[in-house]
>>> print(open('my_file_39.txt').read())   # compact mmCIF, C-alpha atoms and all ligand atoms
# COMPACT_ATOMS: atom_id res chain seq x y z
CA MET A 1 166.10 67.29 -90.29
CA LYS A 2 165.19 63.62 -89.76
CA PRO A 3 162.55 62.62 -92.36
CA ARG A 4 159.29 61.42 -90.80
CA ASP A 5 158.69 57.69 -90.85
CA ASP A 6 155.19 57.33 -89.37
CA PHE A 7 152.18 57.98 -91.63
CA GLU A 8 148.44 57.48 -91.69
CA ILE A 9 148.55 56.23 -95.26
CA CYS A 10 151.30 55.03 -97.56
CA ILE A 11 150.85 54.78 -101.32
CA VAL A 12 153.14 52.37 -103.20
CA GLY A 13 153.53 53.26 -106.90
CA GLY A 14 153.87 56.49 -108.87
CA GLY A 15 151.70 55.95 -111.93
CA ALA A 16 148.66 58.19 -112.45
CA THR A 17 146.57 56.33 -109.87
CA GLY A 18 149.31 56.44 -107.22
CA TRP A 19 149.82 60.20 -107.45
CA ALA A 20 146.05 60.79 -107.58
CA ALA A 21 145.61 58.62 -104.47
CA ALA A 22 148.28 60.61 -102.64
CA LEU A 23 146.45 63.84 -103.50
CA ALA A 24 143.12 62.36 -102.34
CA ALA A 25 144.65 61.31 -99.02
CA ALA A 26 146.24 64.72 -98.55
CA GLU A 27 142.93 66.40 -99.34
CA ALA A 28 141.37 64.36 -96.52
CA GLY A 29 144.06 65.82 -94.23
CA ARG A 30 145.89 62.49 -93.73
CA THR A 31 149.67 62.35 -93.36
CA THR A 32 150.69 60.58 -96.54
CA ALA A 33 153.81 58.85 -97.87
CA ILE A 34 154.21 57.91 -101.51
CA ILE A 35 156.92 55.49 -102.59
CA ALA A 36 157.40 56.24 -106.27
CA PRO A 37 160.47 55.41 -108.35
CA SER A 38 160.97 57.82 -111.25
CA ALA A 39 158.97 56.44 -114.16
CA ALA A 40 159.88 56.09 -117.84
CA PHE A 41 156.92 56.64 -120.15
CA PRO A 42 156.60 55.23 -123.63
CA VAL A 43 156.42 58.27 -125.94
CA GLY A 44 153.03 58.60 -127.57
CA ARG A 45 150.88 56.84 -124.94
CA THR A 46 147.73 58.78 -124.16
CA ALA A 47 144.62 58.04 -122.11
CA ALA A 48 141.09 59.08 -123.01
CA LEU A 49 139.63 60.23 -119.69
CA PHE A 50 135.90 60.69 -119.27
CA ALA A 51 133.97 63.42 -117.46
CA GLY A 52 134.19 61.83 -113.97
CA SER A 53 137.98 61.50 -114.22
CA ILE A 54 138.31 65.06 -115.47
CA GLU A 55 136.22 66.32 -112.52
CA LEU A 56 138.67 64.59 -110.17
CA LEU A 57 141.66 66.15 -111.95
CA GLU A 58 139.93 69.53 -111.65
CA GLN A 59 139.42 69.01 -107.91
CA PHE A 60 143.17 68.34 -107.58
CA GLY A 61 143.89 71.55 -109.51
CA ALA A 62 145.76 69.60 -112.21
CA MET A 63 143.72 70.65 -115.24
CA PRO A 64 145.31 74.10 -115.82
CA ASP A 65 148.71 72.36 -116.21
CA LEU A 66 147.15 69.95 -118.71
CA ALA A 67 145.26 72.52 -120.80
CA SER A 68 147.99 72.73 -123.45
CA ALA A 69 148.08 68.94 -123.90
CA ALA A 70 144.48 67.76 -123.42
CA ALA A 71 142.26 67.32 -126.49
CA PRO A 72 138.45 67.34 -126.04
CA LEU A 73 136.43 64.32 -127.15
CA GLN A 74 133.15 65.74 -128.40
CA ALA A 75 131.86 62.76 -130.35
CA MET A 76 132.51 59.03 -130.72
CA ARG A 77 131.96 57.39 -134.05
CA LEU A 78 131.69 53.60 -134.32
CA ILE A 79 132.11 52.02 -137.76
CA ASP A 80 131.57 48.31 -138.45
CA ASP A 81 134.48 47.34 -140.69
CA THR A 82 134.19 43.58 -140.19
CA GLY A 83 133.19 43.04 -143.82
CA ARG A 84 130.75 40.40 -142.56
CA LEU A 85 127.34 39.56 -143.92
CA ILE A 86 125.68 40.91 -140.78
CA ARG A 87 127.08 44.36 -140.14
CA ALA A 88 126.05 47.01 -137.63
CA PRO A 89 125.14 50.46 -138.95
CA GLU A 90 127.52 53.36 -138.26
CA VAL A 91 126.67 55.17 -135.00
CA THR A 92 127.95 58.50 -133.70
CA PHE A 93 127.45 59.52 -130.08
CA TYR A 94 127.56 63.31 -129.52
CA ALA A 95 128.38 64.71 -126.06
CA GLY A 96 126.00 67.61 -126.83
CA GLU A 97 123.06 65.17 -126.82
CA ILE A 98 123.48 64.70 -123.06
CA GLY A 99 124.26 68.36 -122.40
CA LEU A 100 128.06 68.07 -122.24
CA ASN A 101 130.67 70.00 -124.21
CA ALA A 102 132.84 66.88 -124.31
CA PHE A 103 132.73 63.28 -123.06
CA GLY A 104 136.21 63.93 -121.71
CA TYR A 105 139.77 64.62 -122.84
CA ASN A 106 142.60 62.64 -124.39
CA ILE A 107 145.74 63.33 -122.34
CA PRO A 108 149.34 62.16 -122.83
CA ASN A 109 150.20 59.81 -119.92
CA ARG A 110 153.50 61.51 -119.23
CA ARG A 111 151.92 64.98 -118.91
CA LEU A 112 149.22 63.58 -116.63
CA VAL A 113 151.70 61.99 -114.22
CA GLU A 114 153.87 65.13 -114.28
CA ALA A 115 150.89 67.37 -113.47
CA LEU A 116 149.72 65.14 -110.58
CA SER A 117 153.19 64.63 -109.10
CA GLU A 118 153.81 68.39 -109.27
CA ARG A 119 150.67 69.00 -107.18
CA ALA A 120 151.83 66.33 -104.71
CA ARG A 121 155.25 68.00 -104.35
CA ASN A 122 153.44 71.17 -103.25
CA SER A 123 151.34 69.45 -100.57
CA ARG A 124 152.45 69.74 -96.94
CA TYR A 125 150.72 66.45 -96.12
CA ILE A 126 152.72 64.37 -98.63
CA THR A 127 156.24 62.98 -98.18
CA ILE A 128 157.73 61.54 -101.37
CA PHE A 129 160.21 58.66 -101.35
CA GLU A 130 161.78 58.29 -104.80
CA ASP A 131 162.37 54.61 -104.25
CA THR A 132 160.69 51.22 -104.55
CA ALA A 133 158.95 49.30 -101.79
CA SER A 134 160.83 46.06 -101.26
CA GLU A 135 159.29 44.54 -98.11
CA LEU A 136 155.99 44.83 -96.28
CA SER A 137 154.96 43.29 -92.99
CA PHE A 138 151.51 43.52 -91.51
CA ARG A 139 151.02 44.01 -87.77
CA ASN A 140 147.78 44.26 -85.80
CA ASP A 141 147.94 48.02 -85.56
CA CYS A 142 150.02 49.10 -88.58
CA VAL A 143 152.01 48.12 -91.69
CA HIS A 144 155.83 48.24 -91.81
CA ILE A 145 157.33 49.06 -95.19
CA THR A 146 160.99 48.89 -96.19
CA THR A 147 162.26 50.51 -99.37
CA GLY A 148 164.92 49.29 -101.77
CA ARG A 149 167.40 51.81 -100.31
CA GLY A 150 166.70 50.56 -96.79
CA THR A 151 164.37 53.29 -95.48
CA SER A 152 161.83 51.93 -92.97
CA LEU A 153 158.44 53.49 -92.50
CA LYS A 154 155.20 52.60 -90.88
CA SER A 155 151.66 53.41 -91.78
CA ASP A 156 148.08 52.75 -90.62
CA LEU A 157 147.04 51.78 -94.15
CA VAL A 158 148.91 50.87 -97.33
CA VAL A 159 147.57 51.43 -100.86
CA GLY A 160 148.96 49.24 -103.66
CA ALA A 161 149.08 51.42 -106.77
CA ASP A 162 152.05 49.44 -108.01
CA GLY A 163 150.67 48.13 -111.28
CA VAL A 164 150.32 44.74 -112.91
CA ARG A 165 153.01 42.97 -110.85
CA SER A 166 151.94 44.53 -107.58
CA LEU A 167 154.17 43.75 -104.59
CA VAL A 168 151.44 44.93 -102.21
CA ARG A 169 148.96 42.49 -103.77
CA ALA A 170 151.48 39.63 -103.51
CA LYS A 171 152.39 40.40 -99.89
CA THR A 172 148.73 40.64 -98.94
CA GLY A 173 148.11 37.21 -100.43
CA ILE A 174 145.32 38.42 -102.70
CA ALA A 175 145.10 36.12 -105.71
CA VAL A 176 144.72 37.55 -109.21
CA ARG A 177 142.98 35.87 -112.15
CA ARG A 178 144.74 36.67 -115.45
CA TRP A 179 143.66 35.83 -118.99
CA ARG A 180 145.11 36.56 -122.41
CA TYR A 181 143.58 37.35 -125.76
CA ALA A 182 145.09 36.20 -129.06
CA GLN A 183 145.52 39.88 -129.96
CA SER A 184 148.08 42.68 -129.56
CA ALA A 185 147.53 46.44 -129.41
CA LEU A 186 149.87 48.52 -131.51
CA VAL A 187 150.14 52.10 -130.26
CA THR A 188 151.56 55.21 -131.92
CA THR A 189 150.70 58.81 -132.76
CA LEU A 190 150.03 60.16 -136.25
CA SER A 191 149.70 63.55 -137.85
CA ILE A 192 146.76 63.84 -140.24
CA THR A 193 145.85 66.16 -143.10
CA HIS A 194 142.06 66.36 -142.47
CA PRO A 195 140.85 67.83 -139.15
CA HIS A 196 139.48 65.30 -136.64
CA HIS A 197 136.82 67.76 -135.35
CA SER A 198 137.31 66.30 -131.84
CA VAL A 199 135.68 63.04 -132.96
CA SER A 200 137.13 59.74 -131.77
CA THR A 201 136.69 57.17 -134.53
CA GLU A 202 136.60 53.45 -133.86
CA PHE A 203 136.59 50.92 -136.70
CA HIS A 204 135.46 47.50 -135.55
CA THR A 205 137.30 44.80 -137.48
CA ASP A 206 137.10 41.03 -137.00
CA ARG A 207 140.57 41.20 -135.35
CA GLY A 208 139.63 43.96 -132.87
CA PRO A 209 139.09 47.74 -132.84
CA PHE A 210 141.23 50.23 -134.80
CA THR A 211 140.80 53.48 -132.86
CA LEU A 212 141.92 57.02 -133.70
CA VAL A 213 141.65 59.35 -130.71
CA PRO A 214 141.98 63.14 -131.19
CA MET A 215 145.04 64.91 -129.86
CA GLN A 216 145.75 68.64 -129.95
CA GLY A 217 146.19 70.04 -133.47
CA ASN A 218 146.02 67.78 -136.49
CA ASN A 219 147.18 64.74 -134.56
CA VAL A 220 145.65 61.51 -133.32
CA SER A 221 146.74 58.62 -131.15
CA LEU A 222 146.22 55.23 -132.69
CA VAL A 223 145.39 52.01 -130.85
CA TRP A 224 145.33 49.26 -133.47
CA VAL A 225 144.27 45.86 -132.16
CA GLU A 226 145.46 43.04 -134.41
CA ARG A 227 146.53 39.40 -134.35
CA PRO A 228 149.93 39.23 -132.61
CA ARG A 229 151.88 38.22 -135.73
CA GLU A 230 150.32 41.04 -137.79
CA ALA A 231 150.98 43.56 -134.98
CA ALA A 232 154.65 42.48 -134.86
CA LEU A 233 154.93 42.97 -138.63
CA LEU A 234 153.28 46.39 -138.39
CA CYS A 235 155.92 47.38 -135.83
CA GLU A 236 158.75 46.50 -138.19
CA ILE A 237 157.73 48.04 -141.54
CA PRO A 238 159.10 51.51 -142.43
CA ASP A 239 157.18 54.54 -141.14
CA GLU A 240 155.91 55.54 -144.62
CA GLU A 241 154.50 52.10 -145.34
CA PHE A 242 152.91 51.92 -141.88
CA ALA A 243 151.31 55.35 -142.38
CA ARG A 244 149.87 54.20 -145.73
CA ARG A 245 148.43 51.06 -144.14
CA ALA A 246 146.96 53.06 -141.27
CA GLU A 247 145.39 55.50 -143.75
CA ARG A 248 143.90 52.57 -145.67
CA SER A 249 142.46 51.09 -142.46
CA ALA A 250 140.97 54.51 -141.66
CA HIS A 251 139.45 54.65 -145.17
CA SER A 252 141.27 58.00 -145.60
CA LEU A 253 138.64 59.66 -143.36
CA LEU A 254 141.39 61.75 -141.74
CA GLY A 255 143.42 62.20 -144.92
CA ALA A 256 147.08 61.30 -145.33
CA MET A 257 149.00 60.26 -142.22
CA GLN A 258 152.54 60.50 -140.88
CA VAL A 259 154.00 58.59 -137.96
CA THR A 260 155.11 60.94 -135.16
CA SER A 261 156.22 58.57 -132.38
CA PRO A 262 157.78 55.10 -132.04
CA ARG A 263 155.41 52.16 -132.48
CA VAL A 264 154.93 49.91 -129.47
CA SER A 265 152.97 46.67 -129.38
CA TYR A 266 151.32 45.33 -126.20
CA PRO A 267 150.05 41.73 -125.93
CA LEU A 268 146.39 41.98 -124.95
CA SER A 269 145.56 40.62 -121.54
CA ALA A 270 143.22 41.27 -118.66
CA GLY A 271 143.11 40.45 -114.99
CA LEU A 272 141.13 40.87 -111.84
CA ALA A 273 142.20 40.64 -108.20
CA ASP A 274 139.99 38.38 -106.05
CA ARG A 275 139.56 41.19 -103.54
CA PHE A 276 140.35 44.90 -103.61
CA ALA A 277 141.37 45.01 -99.95
CA SER A 278 142.61 42.75 -97.20
CA GLY A 279 143.58 43.68 -93.67
CA ARG A 280 145.23 47.11 -93.77
CA ALA A 281 145.97 47.02 -97.51
CA LEU A 282 143.89 48.09 -100.45
CA LEU A 283 144.52 47.87 -104.17
CA ILE A 284 143.86 50.47 -106.86
CA GLY A 285 144.51 50.82 -110.60
CA GLU A 286 146.23 47.96 -112.39
CA ALA A 287 147.19 46.35 -109.09
CA ALA A 288 143.45 45.60 -108.78
CA HIS A 289 142.22 45.29 -112.38
CA ILE A 290 144.00 44.96 -115.71
CA PHE A 291 142.08 46.00 -118.81
CA PRO A 292 142.92 45.57 -122.49
CA PRO A 293 143.04 48.99 -124.22
CA ILE A 294 139.49 48.64 -125.52
CA GLY A 295 136.76 51.11 -124.61
CA ALA A 296 139.17 53.38 -122.68
CA GLN A 297 138.26 51.87 -119.31
CA GLY A 298 141.54 51.12 -117.45
CA LEU A 299 142.63 54.46 -116.05
CA ASN A 300 139.06 55.78 -115.80
CA LEU A 301 138.36 52.86 -113.50
CA GLY A 302 141.62 53.50 -111.63
CA LEU A 303 140.59 57.09 -111.00
CA ARG A 304 137.20 55.88 -109.77
CA ASP A 305 139.16 53.73 -107.28
CA VAL A 306 140.71 56.99 -106.11
CA GLU A 307 137.26 58.56 -105.71
CA ALA A 308 136.21 55.59 -103.60
CA LEU A 309 139.38 56.04 -101.55
CA LYS A 310 138.41 59.69 -101.04
CA THR A 311 134.99 58.59 -99.86
CA VAL A 312 136.29 56.09 -97.30
CA LEU A 313 138.90 58.52 -96.01
CA SER A 314 136.20 61.11 -95.40
CA LEU A 315 134.23 58.70 -93.17
CA ASN A 316 135.26 60.54 -90.07
CA ARG A 317 137.37 57.74 -88.58
CA SER A 318 139.98 59.11 -86.23
CA ARG A 319 142.32 56.18 -87.09
CA LEU A 320 142.48 54.34 -90.43
CA ASP A 321 142.18 50.58 -90.00
CA GLU A 322 140.89 47.31 -91.51
CA GLY A 323 137.36 48.75 -91.52
CA THR A 324 138.47 51.51 -93.90
CA ALA A 325 139.93 48.95 -96.30
CA ALA A 326 136.87 46.69 -96.08
CA GLU A 327 134.58 49.62 -96.88
CA PHE A 328 136.72 50.40 -99.96
CA HIS A 329 136.40 46.80 -101.16
CA ARG A 330 132.61 46.96 -100.76
CA LEU A 331 132.40 50.22 -102.74
CA ARG A 332 134.45 48.98 -105.69
CA GLN A 333 132.97 45.50 -106.27
CA ALA A 334 130.06 46.20 -108.64
CA ASP A 335 131.74 48.82 -110.82
CA VAL A 336 134.99 46.92 -111.44
CA ARG A 337 133.34 43.54 -112.04
CA SER A 338 130.64 44.87 -114.38
CA ARG A 339 133.17 46.85 -116.49
CA THR A 340 135.50 43.85 -116.69
CA LEU A 341 132.65 41.73 -118.02
CA ALA A 342 131.45 44.44 -120.44
CA VAL A 343 134.89 44.96 -122.03
CA ASP A 344 135.46 41.20 -122.30
CA LEU A 345 132.08 40.71 -124.02
CA LEU A 346 132.63 43.68 -126.33
CA ASN A 347 135.98 42.31 -127.48
CA ARG A 348 134.74 38.74 -127.89
CA SER A 349 131.63 39.90 -129.78
CA LEU A 350 133.94 41.34 -132.46
CA LEU A 351 136.05 38.21 -132.76
CA THR A 352 133.31 35.64 -132.78
CA GLY A 353 132.16 33.88 -135.94
CA LEU A 354 128.80 33.11 -134.29
CA LEU A 355 126.01 34.65 -136.37
CA PRO A 356 123.54 35.13 -133.47
CA VAL A 357 126.13 37.20 -131.55
CA GLN A 358 126.92 39.26 -134.66
CA ALA A 359 123.19 39.81 -135.18
CA LEU A 360 122.71 40.88 -131.55
CA ARG A 361 125.54 43.42 -131.87
CA ALA A 362 124.03 44.77 -135.08
CA VAL A 363 120.58 45.10 -133.47
CA ALA A 364 121.99 46.88 -130.40
CA LEU A 365 123.94 49.37 -132.52
CA SER A 366 120.94 49.91 -134.88
CA ALA A 367 118.82 50.71 -131.83
CA ALA A 368 121.51 53.12 -130.57
CA GLY A 369 121.72 54.79 -133.98
CA GLY A 370 117.99 55.14 -134.59
CA PHE A 371 116.52 55.74 -131.14
CA ALA A 372 117.82 58.86 -129.40
CA PRO A 373 116.57 58.03 -125.83
CA PHE A 374 118.40 54.64 -125.97
CA ARG A 375 121.53 56.39 -127.30
CA ARG A 376 121.36 58.94 -124.46
CA PHE A 377 120.87 56.11 -121.93
CA LEU A 378 124.00 54.34 -123.24
CA MET A 379 126.04 57.55 -123.07
CA GLN A 380 124.89 58.26 -119.52
CA GLN A 381 125.67 54.68 -118.46
CA GLY A 382 129.09 54.95 -120.11
CA LEU A 383 129.93 58.00 -118.04
CA ALA A 384 128.16 56.92 -114.83
CA LYS A 385 130.04 56.80 -111.56
CA THR A 386 128.79 53.31 -110.86
CA PHE A 387 129.65 52.65 -107.31
CA ARG A 388 127.45 52.79 -104.28
CA GLY A 389 128.24 55.49 -101.81
CA LEU A 390 128.81 58.44 -104.16
C1 LIG A 401 147.90 50.97 -125.21
C2 LIG A 401 147.10 51.38 -124.03
C3 LIG A 401 146.15 52.39 -124.15
C4 LIG A 401 145.37 52.75 -123.06
N1 LIG A 401 144.42 53.73 -123.21
C5 LIG A 401 143.63 54.06 -122.15
C6 LIG A 401 142.62 55.06 -122.29
O1 LIG A 401 142.44 55.64 -123.36
N2 LIG A 401 141.86 55.36 -121.20
C7 LIG A 401 142.02 54.71 -120.00
O2 LIG A 401 141.28 55.02 -119.05
N3 LIG A 401 142.97 53.77 -119.84
C8 LIG A 401 143.78 53.43 -120.88
N4 LIG A 401 144.76 52.49 -120.73
C9 LIG A 401 144.99 51.90 -119.39
C10 LIG A 401 145.88 52.82 -118.55
O3 LIG A 401 147.05 53.17 -119.27
C11 LIG A 401 146.24 52.11 -117.25
O4 LIG A 401 145.05 51.73 -116.62
C12 LIG A 401 147.00 53.02 -116.32
O5 LIG A 401 148.15 53.54 -116.91
C13 LIG A 401 147.38 52.23 -115.07
O6 LIG A 401 147.90 53.14 -114.14
P1 LIG A 401 148.42 52.62 -112.73
O7 LIG A 401 148.84 53.84 -111.98
O8 LIG A 401 147.41 51.73 -112.10
O9 LIG A 401 149.65 51.67 -113.07
P2 LIG A 401 151.08 52.03 -113.71
O10 LIG A 401 150.97 53.17 -114.64
O11 LIG A 401 151.63 50.75 -114.20
O12 LIG A 401 151.92 52.54 -112.46
C14 LIG A 401 152.42 51.65 -111.51
C15 LIG A 401 153.66 52.30 -110.93
O13 LIG A 401 154.08 51.55 -109.79
C16 LIG A 401 155.49 51.50 -109.81
N5 LIG A 401 155.90 50.34 -109.00
C17 LIG A 401 155.85 49.03 -109.32
N6 LIG A 401 156.33 48.29 -108.31
C18 LIG A 401 156.68 49.15 -107.33
C19 LIG A 401 157.25 49.00 -106.03
N7 LIG A 401 157.57 47.79 -105.52
N8 LIG A 401 157.47 50.11 -105.29
C20 LIG A 401 157.15 51.34 -105.77
N9 LIG A 401 156.63 51.54 -107.00
C21 LIG A 401 156.40 50.46 -107.75
C22 LIG A 401 155.87 51.38 -111.28
O14 LIG A 401 157.19 51.81 -111.49
C23 LIG A 401 154.84 52.33 -111.90
O15 LIG A 401 155.34 53.64 -111.98
C24 LIG A 401 145.54 52.10 -121.81
C25 LIG A 401 146.50 51.08 -121.68
C26 LIG A 401 147.27 50.72 -122.78
C27 LIG A 401 148.28 49.62 -122.62
>>> encode(input="my_file_39.txt", output="structure tokens", more="lines below")
Ligand SMILES: Cc1cc2nc3c(=O)[nH]c(=O)nc-3n(C[C@H](O)[C@H](O)[C@H](O)COP(=O)(O)OP(=O)(O)OC[C@H]3O[C@@H](n4cnc5c(N)ncnc54)[C@H](O)[C@@H]3O)c2cc1C
Amino acid sequence: MKPRDDFEICIVGGGATGWAAALAAAEAGRTTAIIAPSAAFPVGRTAALFAGSIELLEQFGAMPDLASAAAPLQAMRLIDDTGRLIRAPEVTFYAGEIGLNAFGYNIPNRRLVEALSERARNSRYITIFEDTASELSFRNDCVHITTGRGTSLKSDLVVGADGVRSLVRAKTGIAVRRWRYAQSALVTTLSITHPHHSVSTEFHTDRGPFTLVPMQGNNVSLVWVERPREAALLCEIPDEEFARRAERSAHSLLGAMQVTSPRVSYPLSAGLADRFASGRALLIGEAAHIFPPIGAQGLNLGLRDVEALKTVLSLNRSRLDEGTAAEFHRLRQADVRSRTLAVDLLNRSLLTGLLPVQALRAVALSAAGGFAPFRRFLMQQGLAKTFRGL
């Protein structure tokens, strides 16, 4: 049978946001293509996903497949380990305080993408092209897309879910502002001898956060933000020595540690597209916004892009067009820009030697620790679905 080549919506990119977008489009009853080359995942990468993201995964029916891999996050403990004169008090946020069993779940990236793509394979609305998009041309009434293997298809709307070096973004002419931090994030997984009790623990050092996120069993994923040269050294030392240094940085709170996956270091950078849509194209996930792995925002924000996509697709338009994309851009502005600013300020507030900024941080965390209504407000804001229209 000749494969179909005319779609209402075409998703480019098969990371978590791409597959989720395909499922959202299918749920809205739109004929959907996804162009997704098979992906290689670094072993040991996980994403902490908050309540809103988990709700979306539940709506897609993906959570049962993830149950054996997802670890609940019931509390978040922040410890000032800057060793500075002005230090913030330790604060723990409990999900129970705002009536939740968990803030969310920590899920291995690979399992997440497998679960979503499996659902997509079972949808009659979705056609999968295991390929890359290599050319796009925009017409008045549609978008033409050519794949690396020479397949041509056409679509009313195209969604760029194709990551940091997005082809869709480039072809649409949307500029992206990128900036770098003089930091790298070293990522690995560790087994521990003391139970984590579903508490995510974040030590704030003057080089960046050192974060231990619960995984299933006596295991945690580590995101260790350091100066680039130190991160490179930490990647090279033997496993046993690394585990000892990690235990020391964790003040032995989780007992002795053992490395259970390869160590990978990512230079810390961020970025923001000037617009999230133009003409018949819209951008989601890292094609639209690049976050450093601080505060677990990147994929949560990407999945909120997918929720916004769901919203605009449900706006009873018989044909998807520029108006659909423009509405998406309007919905995503405030959320993406405010989170970008918040994460940037949070990171810089740790690195700065400026005493007034250190004092402000200490006051804010003291207030959070000592005043339950303020703590609850912060938790609710942290989990809020901050975009108009939902
Ligand atoms: C160390 C680390 C820890 C993190 N922890 C968290 C966390 O705890 N919580 C959180 O919310 N976020 C976290 N993030 C961020 C999160 O991992 C990313 O936001 C998320 O993976 C981005 O997903 P994506 O689908 O947008 O992009 P990607 O995962 O990059 O997917 C893009 C896909 O597009 C494909 N592609 C590219 N070009 C083309 C083309 N021309 N045609 C077709 N396909 C193409 C690529 O092959 C790729 O599969 C973390 C990031 C890092 C680096």
>>> residues_around(input="my_file_39.txt", residues="Arg348 (chain A)", least_positions_apart="4", cutoff="12 Å", atoms="all atoms listed in the file", output="list of chain:residue names")
A:Arg180, A:Tyr181, A:Ala182, A:Gln183, A:His204, A:Thr205, A:Asp206, A:Arg207, A:Gly208, A:Pro209, A:Pro292, A:Ile294, A:Leu341, A:Ala342, A:Val343, A:Asp344, A:Thr352, A:Gly353, A:Leu354, A:Val357, A:Gln358, A:Arg361
>>> residues_near_point(input="my_file_39.txt", point="(159.3, 52.9, -100.6)", cutoff="10 Å", atoms="all atoms listed in the file", output="ChimeraX atom specification")
/A:10-13,33-37,128-136,145-153
>>> closest_residue(input="my_file_39.txt", among="A:Glu247, A:Asp162, A:Glu241, A:Glu236", to="ligand LIG 401 (chain A)", atoms="all atoms listed in the file")
A:Asp162
>>> residues_around(input="my_file_39.txt", residues="Pro195 (chain A)", least_positions_apart="4", cutoff="10 Å", atoms="all atoms listed in the file", output="PDB file with C-alpha atoms, in the coordinates of the input")
ATOM      1  CA  SER A 191     149.700  63.550-137.850  1.00  0.00           C
ATOM      2  CA  VAL A 199     135.680  63.040-132.960  1.00  0.00           C
ATOM      3  CA  PRO A 214     141.980  63.140-131.190  1.00  0.00           C
ATOM      4  CA  GLY A 217     146.190  70.040-133.470  1.00  0.00           C
ATOM      5  CA  ASN A 218     146.020  67.780-136.490  1.00  0.00           C
ATOM      6  CA  ASN A 219     147.180  64.740-134.560  1.00  0.00           C
ATOM      7  CA  VAL A 220     145.650  61.510-133.320  1.00  0.00           C
ATOM      8  CA  LEU A 253     138.640  59.660-143.360  1.00  0.00           C
ATOM      9  CA  LEU A 254     141.390  61.750-141.740  1.00  0.00           C
ATOM     10  CA  GLY A 255     143.420  62.200-144.920  1.00  0.00           C
TER      11      GLY A 255
END
>>> residues_near_ligand(input="my_file_39.txt", ligand="ligand LIG 401 (chain A)", cutoff="6 Å", atoms="all atoms listed in the file", output="VMD selection string")
chain A and resid 12 to 18 35 to 37 39 47 to 49 132 to 134 161 to 163 166 to 167 187 285 to 286 293 296 to 300
>>> write_last_selection(input="my_file_39.txt", atoms="C-alpha atoms", output="PDB file, in the frame of the given file")
ATOM      1  CA  VAL A  12     153.140  52.370-103.200  1.00  0.00           C
ATOM      2  CA  GLY A  13     153.530  53.260-106.900  1.00  0.00           C
ATOM      3  CA  GLY A  14     153.870  56.490-108.870  1.00  0.00           C
ATOM      4  CA  GLY A  15     151.700  55.950-111.930  1.00  0.00           C
ATOM      5  CA  ALA A  16     148.660  58.190-112.450  1.00  0.00           C
ATOM      6  CA  THR A  17     146.570  56.330-109.870  1.00  0.00           C
ATOM      7  CA  GLY A  18     149.310  56.440-107.220  1.00  0.00           C
ATOM      8  CA  ILE A  35     156.920  55.490-102.590  1.00  0.00           C
ATOM      9  CA  ALA A  36     157.400  56.240-106.270  1.00  0.00           C
ATOM     10  CA  PRO A  37     160.470  55.410-108.350  1.00  0.00           C
ATOM     11  CA  ALA A  39     158.970  56.440-114.160  1.00  0.00           C
ATOM     12  CA  ALA A  47     144.620  58.040-122.110  1.00  0.00           C
ATOM     13  CA  ALA A  48     141.090  59.080-123.010  1.00  0.00           C
ATOM     14  CA  LEU A  49     139.630  60.230-119.690  1.00  0.00           C
ATOM     15  CA  THR A 132     160.690  51.220-104.550  1.00  0.00           C
ATOM     16  CA  ALA A 133     158.950  49.300-101.790  1.00  0.00           C
ATOM     17  CA  SER A 134     160.830  46.060-101.260  1.00  0.00           C
ATOM     18  CA  ALA A 161     149.080  51.420-106.770  1.00  0.00           C
ATOM     19  CA  ASP A 162     152.050  49.440-108.010  1.00  0.00           C
ATOM     20  CA  GLY A 163     150.670  48.130-111.280  1.00  0.00           C
ATOM     21  CA  SER A 166     151.940  44.530-107.580  1.00  0.00           C
ATOM     22  CA  LEU A 167     154.170  43.750-104.590  1.00  0.00           C
ATOM     23  CA  VAL A 187     150.140  52.100-130.260  1.00  0.00           C
ATOM     24  CA  GLY A 285     144.510  50.820-110.600  1.00  0.00           C
ATOM     25  CA  GLU A 286     146.230  47.960-112.390  1.00  0.00           C
ATOM     26  CA  PRO A 293     143.040  48.990-124.220  1.00  0.00           C
ATOM     27  CA  ALA A 296     139.170  53.380-122.680  1.00  0.00           C
ATOM     28  CA  GLN A 297     138.260  51.870-119.310  1.00  0.00           C
ATOM     29  CA  GLY A 298     141.540  51.120-117.450  1.00  0.00           C
ATOM     30  CA  LEU A 299     142.630  54.460-116.050  1.00  0.00           C
ATOM     31  CA  ASN A 300     139.060  55.780-115.800  1.00  0.00           C
TER      32      ASN A 300
END
>>> residues_near_point(input="my_file_39.txt", point="(146.9, 44.4, -118.1)", cutoff="6 Å", atoms="all atoms listed in the file", output="list in words")
Ser269, Ala270, Ile290 and Phe291 of chain A
>>> atom_distance(input="my_file_39.txt", atom1="CA of Ser184 (chain A)", atom2="CA of Ala231 (chain A)")
6.2 Å
